[in-house]
file upload-v4.txt (compact mmCIF, N, CA and C atoms)
# COMPACT_ATOMS: atom_id res chain seq x y z
N MET A 1012 -21.12 -8.18 -37.68
CA MET A 1012 -20.06 -8.69 -38.55
C MET A 1012 -18.72 -8.67 -37.82
N LYS A 1013 -18.46 -7.58 -37.09
CA LYS A 1013 -17.18 -7.48 -36.37
C LYS A 1013 -17.09 -8.54 -35.29
N ILE A 1014 -18.21 -8.81 -34.62
CA ILE A 1014 -18.23 -9.83 -33.57
C ILE A 1014 -17.97 -11.21 -34.17
N THR A 1015 -18.56 -11.48 -35.31
CA THR A 1015 -18.35 -12.77 -35.98
C THR A 1015 -16.89 -12.95 -36.37
N MET A 1016 -16.27 -11.91 -36.91
CA MET A 1016 -14.86 -11.98 -37.29
C MET A 1016 -13.97 -12.16 -36.06
N PHE A 1017 -14.32 -11.47 -34.97
CA PHE A 1017 -13.55 -11.59 -33.74
C PHE A 1017 -13.62 -13.02 -33.20
N VAL A 1018 -14.83 -13.58 -33.13
CA VAL A 1018 -15.01 -14.95 -32.64
C VAL A 1018 -14.29 -15.93 -33.55
N LEU A 1019 -14.37 -15.74 -34.86
CA LEU A 1019 -13.68 -16.62 -35.81
C LEU A 1019 -12.17 -16.54 -35.62
N GLY A 1020 -11.65 -15.33 -35.39
CA GLY A 1020 -10.21 -15.15 -35.17
C GLY A 1020 -9.74 -15.84 -33.90
N ILE A 1021 -10.48 -15.67 -32.80
CA ILE A 1021 -10.13 -16.30 -31.53
C ILE A 1021 -10.19 -17.82 -31.66
N THR A 1022 -11.20 -18.33 -32.35
CA THR A 1022 -11.32 -19.77 -32.56
C THR A 1022 -10.14 -20.31 -33.35
N SER A 1023 -9.70 -19.57 -34.35
CA SER A 1023 -8.55 -19.99 -35.16
C SER A 1023 -7.29 -20.04 -34.32
N ILE A 1024 -7.09 -19.04 -33.49
CA ILE A 1024 -5.88 -18.99 -32.64
C ILE A 1024 -5.89 -20.15 -31.65
N ILE A 1025 -7.03 -20.40 -31.03
CA ILE A 1025 -7.11 -21.50 -30.06
C ILE A 1025 -6.87 -22.84 -30.73
N SER A 1026 -7.39 -23.03 -31.92
CA SER A 1026 -7.19 -24.31 -32.61
C SER A 1026 -5.74 -24.49 -33.04
N LEU A 1027 -5.05 -23.40 -33.40
CA LEU A 1027 -3.64 -23.51 -33.78
C LEU A 1027 -2.75 -23.79 -32.58
N VAL A 1028 -3.10 -23.25 -31.41
CA VAL A 1028 -2.31 -23.48 -30.20
C VAL A 1028 -2.35 -24.96 -29.82
N GLY A 1029 -3.46 -25.62 -30.02
CA GLY A 1029 -3.60 -27.02 -29.66
C GLY A 1029 -3.03 -28.00 -30.67
N CYS A 1030 -2.34 -27.53 -31.71
CA CYS A 1030 -1.85 -28.41 -32.77
C CYS A 1030 -0.40 -28.83 -32.53
N THR A 1031 -0.10 -29.33 -31.36
CA THR A 1031 1.24 -29.84 -31.13
C THR A 1031 1.21 -31.35 -31.28
N THR A 1032 2.22 -31.87 -31.92
CA THR A 1032 2.30 -33.31 -32.13
C THR A 1032 3.06 -33.95 -30.98
N GLU A 1033 3.01 -35.26 -30.92
CA GLU A 1033 3.75 -35.99 -29.90
C GLU A 1033 5.25 -35.74 -30.07
N ALA A 1034 5.71 -35.67 -31.31
CA ALA A 1034 7.13 -35.41 -31.57
C ALA A 1034 7.54 -34.03 -31.05
N ASP A 1035 6.67 -33.04 -31.21
CA ASP A 1035 6.97 -31.69 -30.70
C ASP A 1035 7.11 -31.71 -29.18
N THR A 1036 6.21 -32.43 -28.51
CA THR A 1036 6.25 -32.51 -27.05
C THR A 1036 7.51 -33.21 -26.58
N ILE A 1037 7.85 -34.34 -27.21
CA ILE A 1037 9.07 -35.08 -26.85
C ILE A 1037 10.30 -34.21 -27.09
N SER A 1038 10.35 -33.53 -28.22
CA SER A 1038 11.49 -32.66 -28.53
C SER A 1038 11.65 -31.56 -27.49
N GLU A 1039 10.54 -30.95 -27.11
CA GLU A 1039 10.58 -29.90 -26.09
C GLU A 1039 11.05 -30.45 -24.74
N ASN A 1040 10.55 -31.63 -24.36
CA ASN A 1040 10.96 -32.23 -23.10
C ASN A 1040 12.44 -32.61 -23.12
N LEU A 1041 12.94 -33.13 -24.25
CA LEU A 1041 14.36 -33.46 -24.35
C LEU A 1041 15.22 -32.20 -24.25
N SER A 1042 14.78 -31.13 -24.88
CA SER A 1042 15.53 -29.87 -24.80
C SER A 1042 15.59 -29.35 -23.37
N LYS A 1043 14.47 -29.43 -22.66
CA LYS A 1043 14.46 -28.99 -21.26
C LYS A 1043 15.35 -29.88 -20.40
N SER A 1044 15.33 -31.19 -20.66
CA SER A 1044 16.20 -32.10 -19.91
C SER A 1044 17.67 -31.80 -20.19
N ALA A 1045 18.00 -31.53 -21.43
CA ALA A 1045 19.38 -31.22 -21.78
C ALA A 1045 19.82 -29.91 -21.13
N ASP A 1046 18.93 -28.92 -21.10
CA ASP A 1046 19.27 -27.65 -20.45
C ASP A 1046 19.39 -27.80 -18.94
N SER A 1047 18.87 -28.90 -18.39
CA SER A 1047 19.00 -29.18 -16.96
C SER A 1047 20.12 -30.16 -16.67
N PHE A 1048 20.99 -30.40 -17.65
CA PHE A 1048 22.15 -31.28 -17.51
C PHE A 1048 21.76 -32.72 -17.20
N GLU A 1049 20.73 -33.22 -17.86
CA GLU A 1049 20.27 -34.59 -17.67
C GLU A 1049 20.53 -35.46 -18.90
N VAL A 1050 21.10 -34.91 -19.97
CA VAL A 1050 21.28 -35.64 -21.22
C VAL A 1050 22.75 -35.61 -21.62
N GLN A 1051 23.30 -36.79 -21.89
CA GLN A 1051 24.68 -36.89 -22.38
C GLN A 1051 24.72 -36.43 -23.84
N ARG A 1052 25.65 -35.54 -24.15
CA ARG A 1052 25.78 -35.01 -25.50
C ARG A 1052 27.23 -35.01 -25.95
N ARG A 1053 27.39 -35.01 -27.25
CA ARG A 1053 28.71 -34.81 -27.87
C ARG A 1053 28.55 -33.65 -28.85
N VAL A 1054 29.34 -32.61 -28.67
CA VAL A 1054 29.33 -31.45 -29.57
C VAL A 1054 30.64 -31.48 -30.35
N VAL A 1055 30.53 -31.55 -31.66
CA VAL A 1055 31.72 -31.64 -32.52
C VAL A 1055 31.79 -30.42 -33.41
N PHE A 1056 32.93 -29.74 -33.39
CA PHE A 1056 33.20 -28.62 -34.28
C PHE A 1056 34.11 -29.11 -35.38
N PHE A 1057 33.77 -28.73 -36.61
CA PHE A 1057 34.56 -29.21 -37.73
C PHE A 1057 34.74 -28.11 -38.77
N ASN A 1058 35.81 -28.25 -39.54
CA ASN A 1058 36.09 -27.34 -40.64
C ASN A 1058 35.39 -27.89 -41.88
N GLY A 1059 34.51 -27.12 -42.46
CA GLY A 1059 33.73 -27.57 -43.61
C GLY A 1059 34.54 -27.68 -44.88
N ILE A 1060 35.70 -27.06 -44.94
CA ILE A 1060 36.54 -27.13 -46.14
C ILE A 1060 37.46 -28.34 -46.08
N THR A 1061 38.10 -28.54 -44.92
CA THR A 1061 39.06 -29.66 -44.80
C THR A 1061 38.43 -30.92 -44.23
N ASP A 1062 37.18 -30.85 -43.76
CA ASP A 1062 36.49 -31.99 -43.15
C ASP A 1062 37.20 -32.53 -41.92
N LYS A 1063 37.97 -31.71 -41.23
CA LYS A 1063 38.68 -32.14 -40.03
C LYS A 1063 37.96 -31.65 -38.79
N TYR A 1064 37.96 -32.51 -37.76
CA TYR A 1064 37.41 -32.11 -36.47
C TYR A 1064 38.36 -31.14 -35.81
N LEU A 1065 37.82 -30.07 -35.26
CA LEU A 1065 38.63 -29.09 -34.56
C LEU A 1065 38.57 -29.27 -33.05
N LEU A 1066 37.37 -29.68 -32.57
CA LEU A 1066 37.16 -29.76 -31.13
C LEU A 1066 35.95 -30.63 -30.87
N THR A 1067 36.02 -31.41 -29.80
CA THR A 1067 34.89 -32.22 -29.37
C THR A 1067 34.67 -31.96 -27.88
N VAL A 1068 33.42 -31.71 -27.50
CA VAL A 1068 33.05 -31.54 -26.10
C VAL A 1068 32.00 -32.60 -25.79
N GLU A 1069 32.23 -33.40 -24.74
CA GLU A 1069 31.29 -34.47 -24.38
C GLU A 1069 30.91 -34.37 -22.92
N GLY A 1070 29.66 -34.72 -22.62
CA GLY A 1070 29.21 -34.76 -21.24
C GLY A 1070 27.79 -34.27 -21.10
N LEU A 1071 27.45 -33.91 -19.89
CA LEU A 1071 26.13 -33.34 -19.59
C LEU A 1071 26.19 -31.86 -19.93
N CYS A 1072 25.89 -31.53 -21.17
CA CYS A 1072 26.13 -30.18 -21.68
C CYS A 1072 24.85 -29.51 -22.17
N ALA A 1073 24.74 -28.22 -21.88
CA ALA A 1073 23.65 -27.39 -22.38
C ALA A 1073 24.25 -26.41 -23.38
N LEU A 1074 23.47 -26.06 -24.41
CA LEU A 1074 23.96 -25.19 -25.48
C LEU A 1074 23.16 -23.91 -25.53
N ASN A 1075 23.84 -22.83 -25.97
CA ASN A 1075 23.17 -21.56 -26.18
C ASN A 1075 23.86 -20.87 -27.35
N THR A 1076 23.09 -20.47 -28.35
CA THR A 1076 23.66 -19.74 -29.48
C THR A 1076 23.31 -18.27 -29.34
N ASP A 1077 24.30 -17.43 -29.55
CA ASP A 1077 24.10 -15.99 -29.49
C ASP A 1077 24.34 -15.41 -30.88
N SER A 1078 23.31 -14.93 -31.50
CA SER A 1078 23.35 -14.25 -32.80
C SER A 1078 23.97 -15.09 -33.91
N GLY A 1079 24.04 -16.40 -33.74
CA GLY A 1079 24.51 -17.27 -34.81
C GLY A 1079 26.01 -17.30 -35.00
N LYS A 1080 26.77 -16.43 -34.36
CA LYS A 1080 28.23 -16.40 -34.55
C LYS A 1080 28.99 -16.96 -33.37
N LYS A 1081 28.28 -17.22 -32.27
CA LYS A 1081 28.97 -17.73 -31.08
C LYS A 1081 28.09 -18.80 -30.43
N LEU A 1082 28.72 -19.87 -30.00
CA LEU A 1082 28.03 -20.93 -29.30
C LEU A 1082 28.63 -21.05 -27.91
N THR A 1083 27.76 -21.11 -26.91
CA THR A 1083 28.20 -21.31 -25.54
C THR A 1083 27.82 -22.73 -25.14
N VAL A 1084 28.82 -23.48 -24.68
CA VAL A 1084 28.59 -24.85 -24.21
C VAL A 1084 28.92 -24.88 -22.73
N THR A 1085 27.92 -25.17 -21.91
CA THR A 1085 28.10 -25.27 -20.46
C THR A 1085 27.91 -26.71 -20.07
N CYS A 1086 28.91 -27.29 -19.38
CA CYS A 1086 28.86 -28.70 -19.02
C CYS A 1086 28.97 -28.87 -17.51
N LYS A 1087 28.20 -29.81 -16.99
CA LYS A 1087 28.27 -30.15 -15.57
C LYS A 1087 29.38 -31.19 -15.42
N VAL A 1088 30.37 -30.86 -14.59
CA VAL A 1088 31.53 -31.75 -14.44
C VAL A 1088 31.61 -32.37 -13.05
N GLY A 1089 30.73 -31.99 -12.17
CA GLY A 1089 30.70 -32.54 -10.82
C GLY A 1089 29.49 -31.99 -10.09
N ASN A 1090 29.37 -32.38 -8.84
CA ASN A 1090 28.26 -31.88 -8.03
C ASN A 1090 28.43 -30.38 -7.83
N ASP A 1091 27.54 -29.59 -8.40
CA ASP A 1091 27.60 -28.13 -8.35
C ASP A 1091 28.88 -27.57 -8.96
N GLN A 1092 29.44 -28.26 -9.96
CA GLN A 1092 30.64 -27.79 -10.65
C GLN A 1092 30.36 -27.79 -12.15
N TYR A 1093 30.68 -26.66 -12.79
CA TYR A 1093 30.37 -26.49 -14.21
C TYR A 1093 31.56 -25.87 -14.92
N LYS A 1094 31.66 -26.16 -16.22
CA LYS A 1094 32.66 -25.52 -17.08
C LYS A 1094 31.92 -24.92 -18.26
N LYS A 1095 32.34 -23.73 -18.65
CA LYS A 1095 31.68 -23.02 -19.73
C LYS A 1095 32.70 -22.73 -20.83
N HIS A 1096 32.30 -23.02 -22.06
CA HIS A 1096 33.18 -22.81 -23.22
C HIS A 1096 32.47 -21.88 -24.20
N TYR A 1097 33.19 -20.90 -24.72
CA TYR A 1097 32.66 -20.02 -25.76
C TYR A 1097 33.37 -20.39 -27.05
N LEU A 1098 32.59 -20.66 -28.08
CA LEU A 1098 33.17 -21.09 -29.34
C LEU A 1098 32.63 -20.21 -30.46
N GLY A 1099 33.54 -19.67 -31.26
CA GLY A 1099 33.13 -18.82 -32.37
C GLY A 1099 32.89 -19.65 -33.62
N LEU A 1100 31.89 -19.25 -34.38
CA LEU A 1100 31.57 -19.92 -35.63
C LEU A 1100 31.92 -19.00 -36.78
N SER A 1101 32.31 -19.59 -37.90
CA SER A 1101 32.65 -18.80 -39.08
C SER A 1101 32.05 -19.46 -40.31
N ASP A 1102 32.41 -18.94 -41.48
CA ASP A 1102 31.86 -19.48 -42.73
C ASP A 1102 32.26 -20.94 -42.95
N ASN A 1103 33.46 -21.32 -42.50
CA ASN A 1103 33.91 -22.69 -42.75
C ASN A 1103 33.94 -23.56 -41.49
N VAL A 1104 33.61 -23.00 -40.34
CA VAL A 1104 33.57 -23.79 -39.11
C VAL A 1104 32.11 -23.93 -38.68
N SER A 1105 31.70 -25.17 -38.48
CA SER A 1105 30.34 -25.45 -38.06
C SER A 1105 30.37 -26.50 -36.96
N TYR A 1106 29.22 -26.91 -36.49
CA TYR A 1106 29.16 -27.89 -35.43
C TYR A 1106 27.91 -28.75 -35.58
N PHE A 1107 27.96 -29.90 -34.95
CA PHE A 1107 26.75 -30.70 -34.81
C PHE A 1107 26.73 -31.26 -33.40
N VAL A 1108 25.52 -31.54 -32.92
CA VAL A 1108 25.33 -32.03 -31.56
C VAL A 1108 24.67 -33.39 -31.64
N GLU A 1109 25.23 -34.34 -30.93
CA GLU A 1109 24.70 -35.70 -30.90
C GLU A 1109 24.32 -36.05 -29.47
N GLN A 1110 23.13 -36.59 -29.30
CA GLN A 1110 22.73 -37.12 -28.00
C GLN A 1110 23.28 -38.53 -27.93
N THR A 1111 24.19 -38.80 -27.00
CA THR A 1111 24.89 -40.08 -27.00
C THR A 1111 24.16 -41.19 -26.25
N ASP A 1112 23.26 -40.84 -25.34
CA ASP A 1112 22.49 -41.85 -24.61
C ASP A 1112 21.00 -41.61 -24.84
N ALA A 1113 20.24 -42.70 -24.89
CA ALA A 1113 18.79 -42.57 -25.01
C ALA A 1113 18.22 -42.08 -23.69
N LYS A 1114 17.19 -41.30 -23.76
CA LYS A 1114 16.55 -40.77 -22.55
C LYS A 1114 15.05 -40.98 -22.68
N TYR A 1115 14.45 -41.50 -21.62
CA TYR A 1115 13.00 -41.71 -21.62
C TYR A 1115 12.31 -40.38 -21.39
N GLU A 1116 11.39 -40.04 -22.26
CA GLU A 1116 10.55 -38.85 -22.10
C GLU A 1116 9.11 -39.26 -22.35
N ASP A 1117 8.23 -38.80 -21.50
CA ASP A 1117 6.81 -39.11 -21.61
C ASP A 1117 6.13 -38.01 -22.42
N ALA A 1118 5.45 -38.40 -23.49
CA ALA A 1118 4.77 -37.42 -24.34
C ALA A 1118 3.62 -36.74 -23.62
N TYR A 1119 3.12 -37.35 -22.55
CA TYR A 1119 1.97 -36.79 -21.85
C TYR A 1119 2.36 -36.07 -20.57
N HIS A 1120 3.65 -35.95 -20.34
CA HIS A 1120 4.13 -35.28 -19.14
C HIS A 1120 4.61 -33.89 -19.52
N TYR A 1121 4.10 -32.90 -18.86
CA TYR A 1121 4.47 -31.52 -19.13
C TYR A 1121 5.49 -31.07 -18.09
N LYS A 1122 6.56 -30.42 -18.54
CA LYS A 1122 7.62 -29.98 -17.63
C LYS A 1122 7.66 -28.47 -17.53
N VAL A 1123 7.75 -27.99 -16.32
CA VAL A 1123 8.05 -26.59 -16.06
C VAL A 1123 9.20 -26.60 -15.06
N LEU A 1124 10.31 -26.00 -15.43
CA LEU A 1124 11.49 -25.99 -14.59
C LEU A 1124 11.71 -24.60 -14.02
N PHE A 1125 11.71 -24.49 -12.71
CA PHE A 1125 11.99 -23.23 -12.04
C PHE A 1125 13.42 -23.27 -11.53
N ARG A 1126 14.12 -22.20 -11.73
CA ARG A 1126 15.47 -22.08 -11.22
C ARG A 1126 15.41 -21.09 -10.05
N PRO A 1127 15.43 -21.60 -8.81
CA PRO A 1127 15.27 -20.70 -7.65
C PRO A 1127 16.32 -19.59 -7.61
N GLU A 1128 17.52 -19.88 -8.10
CA GLU A 1128 18.56 -18.86 -8.06
C GLU A 1128 18.25 -17.70 -9.00
N GLU A 1129 17.36 -17.90 -9.97
CA GLU A 1129 16.96 -16.81 -10.86
C GLU A 1129 15.80 -16.02 -10.27
N ILE A 1130 14.99 -16.66 -9.44
CA ILE A 1130 13.82 -16.01 -8.87
C ILE A 1130 14.18 -15.28 -7.58
N ILE A 1131 14.95 -15.95 -6.71
CA ILE A 1131 15.34 -15.38 -5.42
C ILE A 1131 16.81 -14.98 -5.51
N PRO A 1132 17.13 -13.72 -5.29
CA PRO A 1132 18.53 -13.29 -5.39
C PRO A 1132 19.37 -13.90 -4.27
N ASP A 1133 20.66 -13.99 -4.53
CA ASP A 1133 21.61 -14.50 -3.55
C ASP A 1133 21.78 -13.44 -2.46
N ILE A 1134 21.46 -13.80 -1.24
CA ILE A 1134 21.52 -12.87 -0.11
C ILE A 1134 22.58 -13.33 0.87
N ASP A 1135 23.47 -12.42 1.24
CA ASP A 1135 24.44 -12.71 2.28
C ASP A 1135 23.87 -12.21 3.61
N LEU A 1136 23.71 -13.11 4.56
CA LEU A 1136 23.14 -12.76 5.85
C LEU A 1136 24.26 -12.60 6.86
N GLN A 1137 24.32 -11.45 7.51
CA GLN A 1137 25.30 -11.22 8.54
C GLN A 1137 24.55 -10.88 9.84
N THR A 1138 24.93 -11.57 10.90
CA THR A 1138 24.29 -11.31 12.20
C THR A 1138 25.35 -10.89 13.18
N SER A 1139 24.93 -10.21 14.22
CA SER A 1139 25.89 -9.80 15.27
C SER A 1139 26.11 -10.95 16.23
N LYS A 1140 27.25 -10.97 16.85
CA LYS A 1140 27.58 -12.05 17.77
C LYS A 1140 27.17 -11.72 19.16
call {"tool": "encode", "arguments": {"input": "upload-v4.txt", "output": "structure tokens"}}
result
Amino acid sequence: MKITMFVLGITSIISLVGCTTEADTISENLSKSADSFEVQRRVVFFNGITDKYLLTVEGLCALNTDSGKKLTVTCKVGNDQYKKHYLGLSDNVSYFVEQTDAKYEDAYHYKVLFRPEEIIPDIDLQTSK
């Protein structure tokens, strides 16, 4: 009986893992592309009470939310040049993100992005003359 329950449980988990839709795959690929500064975005902060825009950030930007109260927007502004903005959120200040350009993503293409600077530490090499 225990073996039957174990096999049934493993089968259920495997079947649930394979239940990704094409939309899920495209969404994941777009998110990875955006985090790699390949997608043009517009991030707009607005006051929910007055309906006024407070700030707009546009460009090749990646987003990161920390605990729901702070948003970090990092934008690529040149070759190996980036600007980072920290924005606080409150009860009446919110934001929305718009992808301004269409991007081709293949639903059958799987992406894995390695960041060598995260895997291999920055080493300063000094040699004698």
call {"tool": "closest_residue", "arguments": {"input": "upload-v4.txt", "among": "A:Cys1072, A:Thr1085, A:Ile1060, A:Ser1105", "to": "Ser1044 in chain A", "atoms": "all atoms listed in the file"}}
result
A:Cys1072
call {"tool": "atom_distance", "arguments": {"input": "upload-v4.txt", "atom1": "CA of Cys1086 in chain A", "atom2": "atom N of Asn1040 in chain A"}}
result
19.3 Å
call {"tool": "atom_distance", "arguments": {"input": "upload-v4.txt", "atom1": "atom C of Asp1035 in chain A", "atom2": "atom N of Glu1069 in chain A"}}
result
25.6 Å
call {"tool": "closest_residue", "arguments": {"input": "upload-v4.txt", "among": "A:Ala1034, A:Leu1071, A:Val1055, A:Leu1041", "to": "Leu1098 in chain A", "atoms": "only C-alpha atoms"}}
result
A:Val1055
call {"tool": "closest_residue", "arguments": {"input": "upload-v4.txt", "among": "A:Gln1110, A:Gly1079, A:Tyr1115, A:Ser1139", "to": "Arg1052 in chain A", "atoms": "only C-alpha atoms"}}
result
A:Gln1110
call {"tool": "atom_distance", "arguments": {"input": "upload-v4.txt", "atom1": "atom C of Ala1073 in chain A", "atom2": "atom C of Asn1103 in chain A"}}
result
20.7 Å
call {"tool": "closest_residue", "arguments": {"input": "upload-v4.txt", "among": "A:Lys1095, A:Gly1070, A:Ala1113, A:Ser1101", "to": "Phe1048 in chain A", "atoms": "only C-alpha atoms"}}
result
A:Gly1070
call {"tool": "select_by_dssp", "arguments": {"input": "upload-v4.txt", "residues": "range 1033-1121 of chain A", "states": "strand (DSSP E or B)", "output": "PyMOL selection string"}}
result
chain A and resi 1051-1058+1064-1077+1081-1089+1092-1099+1104-1110
call {"tool": "closest_residue", "arguments": {"input": "upload-v4.txt", "among": "A:Thr1138, A:Thr1031, A:Val1068, A:Val1108", "to": "Lys1087 in chain A", "atoms": "only C-alpha atoms"}}
result
A:Val1068
call {"tool": "build_atoms", "arguments": {"input": "upload-v4.txt", "residues": "range 1103-1112 of chain A", "atoms": "all heavy atoms", "output": "CSV table (one decimal), keeping the file's coordinate frame"}}
result
chain,number,residue,atom,x,y,z
A,1103,ASN,N,33.5,-21.3,-42.5
A,1103,ASN,CA,33.9,-22.7,-42.8
A,1103,ASN,C,33.9,-23.6,-41.5
A,1103,ASN,O,34.3,-24.7,-41.6
A,1103,ASN,CB,35.3,-22.7,-43.4
A,1103,ASN,CG,36.4,-22.1,-42.5
A,1103,ASN,OD1,36.1,-21.2,-41.7
A,1103,ASN,ND2,37.6,-22.4,-42.8
A,1104,VAL,N,33.6,-23.0,-40.3
A,1104,VAL,CA,33.6,-23.8,-39.1
A,1104,VAL,C,32.1,-23.9,-38.7
A,1104,VAL,O,31.4,-22.9,-38.5
A,1104,VAL,CB,34.4,-23.1,-38.0
A,1104,VAL,CG1,34.2,-23.9,-36.7
A,1104,VAL,CG2,35.9,-23.1,-38.4
A,1105,SER,N,31.7,-25.2,-38.5
A,1105,SER,CA,30.3,-25.4,-38.1
A,1105,SER,C,30.4,-26.5,-37.0
A,1105,SER,O,31.4,-26.9,-36.6
A,1105,SER,CB,29.5,-25.9,-39.3
A,1105,SER,OG,28.2,-26.0,-38.9
A,1106,TYR,N,29.2,-26.9,-36.5
A,1106,TYR,CA,29.2,-27.9,-35.4
A,1106,TYR,C,27.9,-28.8,-35.6
A,1106,TYR,O,27.0,-28.4,-36.3
A,1106,TYR,CB,29.2,-27.2,-34.1
A,1106,TYR,CG,27.9,-26.5,-33.7
A,1106,TYR,CD1,26.9,-27.1,-33.0
A,1106,TYR,CD2,27.7,-25.2,-34.2
A,1106,TYR,CE1,25.7,-26.4,-32.7
A,1106,TYR,CE2,26.6,-24.5,-33.9
A,1106,TYR,CZ,25.6,-25.1,-33.1
A,1106,TYR,OH,24.4,-24.4,-32.8
A,1107,PHE,N,28.0,-29.9,-35.0
A,1107,PHE,CA,26.8,-30.7,-34.8
A,1107,PHE,C,26.7,-31.3,-33.4
A,1107,PHE,O,27.8,-31.4,-32.7
A,1107,PHE,CB,26.6,-31.8,-35.9
A,1107,PHE,CG,27.6,-32.9,-35.8
A,1107,PHE,CD1,27.4,-34.0,-35.0
A,1107,PHE,CD2,28.8,-32.8,-36.5
A,1107,PHE,CE1,28.3,-35.0,-35.0
A,1107,PHE,CE2,29.8,-33.8,-36.5
A,1107,PHE,CZ,29.5,-34.9,-35.7
A,1108,VAL,N,25.5,-31.5,-32.9
A,1108,VAL,CA,25.3,-32.0,-31.6
A,1108,VAL,C,24.7,-33.4,-31.6
A,1108,VAL,O,23.7,-33.6,-32.3
A,1108,VAL,CB,24.4,-31.1,-30.7
A,1108,VAL,CG1,24.3,-31.6,-29.3
A,1108,VAL,CG2,25.0,-29.7,-30.7
A,1109,GLU,N,25.2,-34.3,-30.9
A,1109,GLU,CA,24.7,-35.7,-30.9
A,1109,GLU,C,24.3,-36.0,-29.5
A,1109,GLU,O,25.1,-35.8,-28.5
A,1109,GLU,CB,25.8,-36.7,-31.4
A,1109,GLU,CG,25.4,-38.1,-31.3
A,1109,GLU,CD,26.6,-39.0,-31.7
A,1109,GLU,OE1,27.7,-38.5,-31.8
A,1109,GLU,OE2,26.4,-40.2,-31.7
A,1110,GLN,N,23.1,-36.6,-29.3
A,1110,GLN,CA,22.7,-37.1,-28.0
A,1110,GLN,C,23.3,-38.5,-27.9
A,1110,GLN,O,22.9,-39.4,-28.7
A,1110,GLN,CB,21.2,-37.1,-27.9
A,1110,GLN,CG,20.7,-37.6,-26.5
A,1110,GLN,CD,19.2,-37.6,-26.4
A,1110,GLN,OE1,18.6,-36.6,-26.9
A,1110,GLN,NE2,18.7,-38.5,-25.7
A,1111,THR,N,24.2,-38.8,-27.0
A,1111,THR,CA,24.9,-40.1,-27.0
A,1111,THR,C,24.2,-41.2,-26.2
A,1111,THR,O,24.4,-42.4,-26.5
A,1111,THR,CB,26.3,-39.9,-26.4
A,1111,THR,OG1,26.2,-39.4,-25.1
A,1111,THR,CG2,27.2,-39.0,-27.3
A,1112,ASP,N,23.3,-40.8,-25.3
A,1112,ASP,CA,22.5,-41.8,-24.6
A,1112,ASP,C,21.0,-41.6,-24.8
A,1112,ASP,O,20.6,-40.5,-25.0
A,1112,ASP,CB,22.7,-41.8,-23.1
A,1112,ASP,CG,24.1,-42.2,-22.7
A,1112,ASP,OD1,24.8,-43.0,-23.5
A,1112,ASP,OD2,24.6,-41.8,-21.6
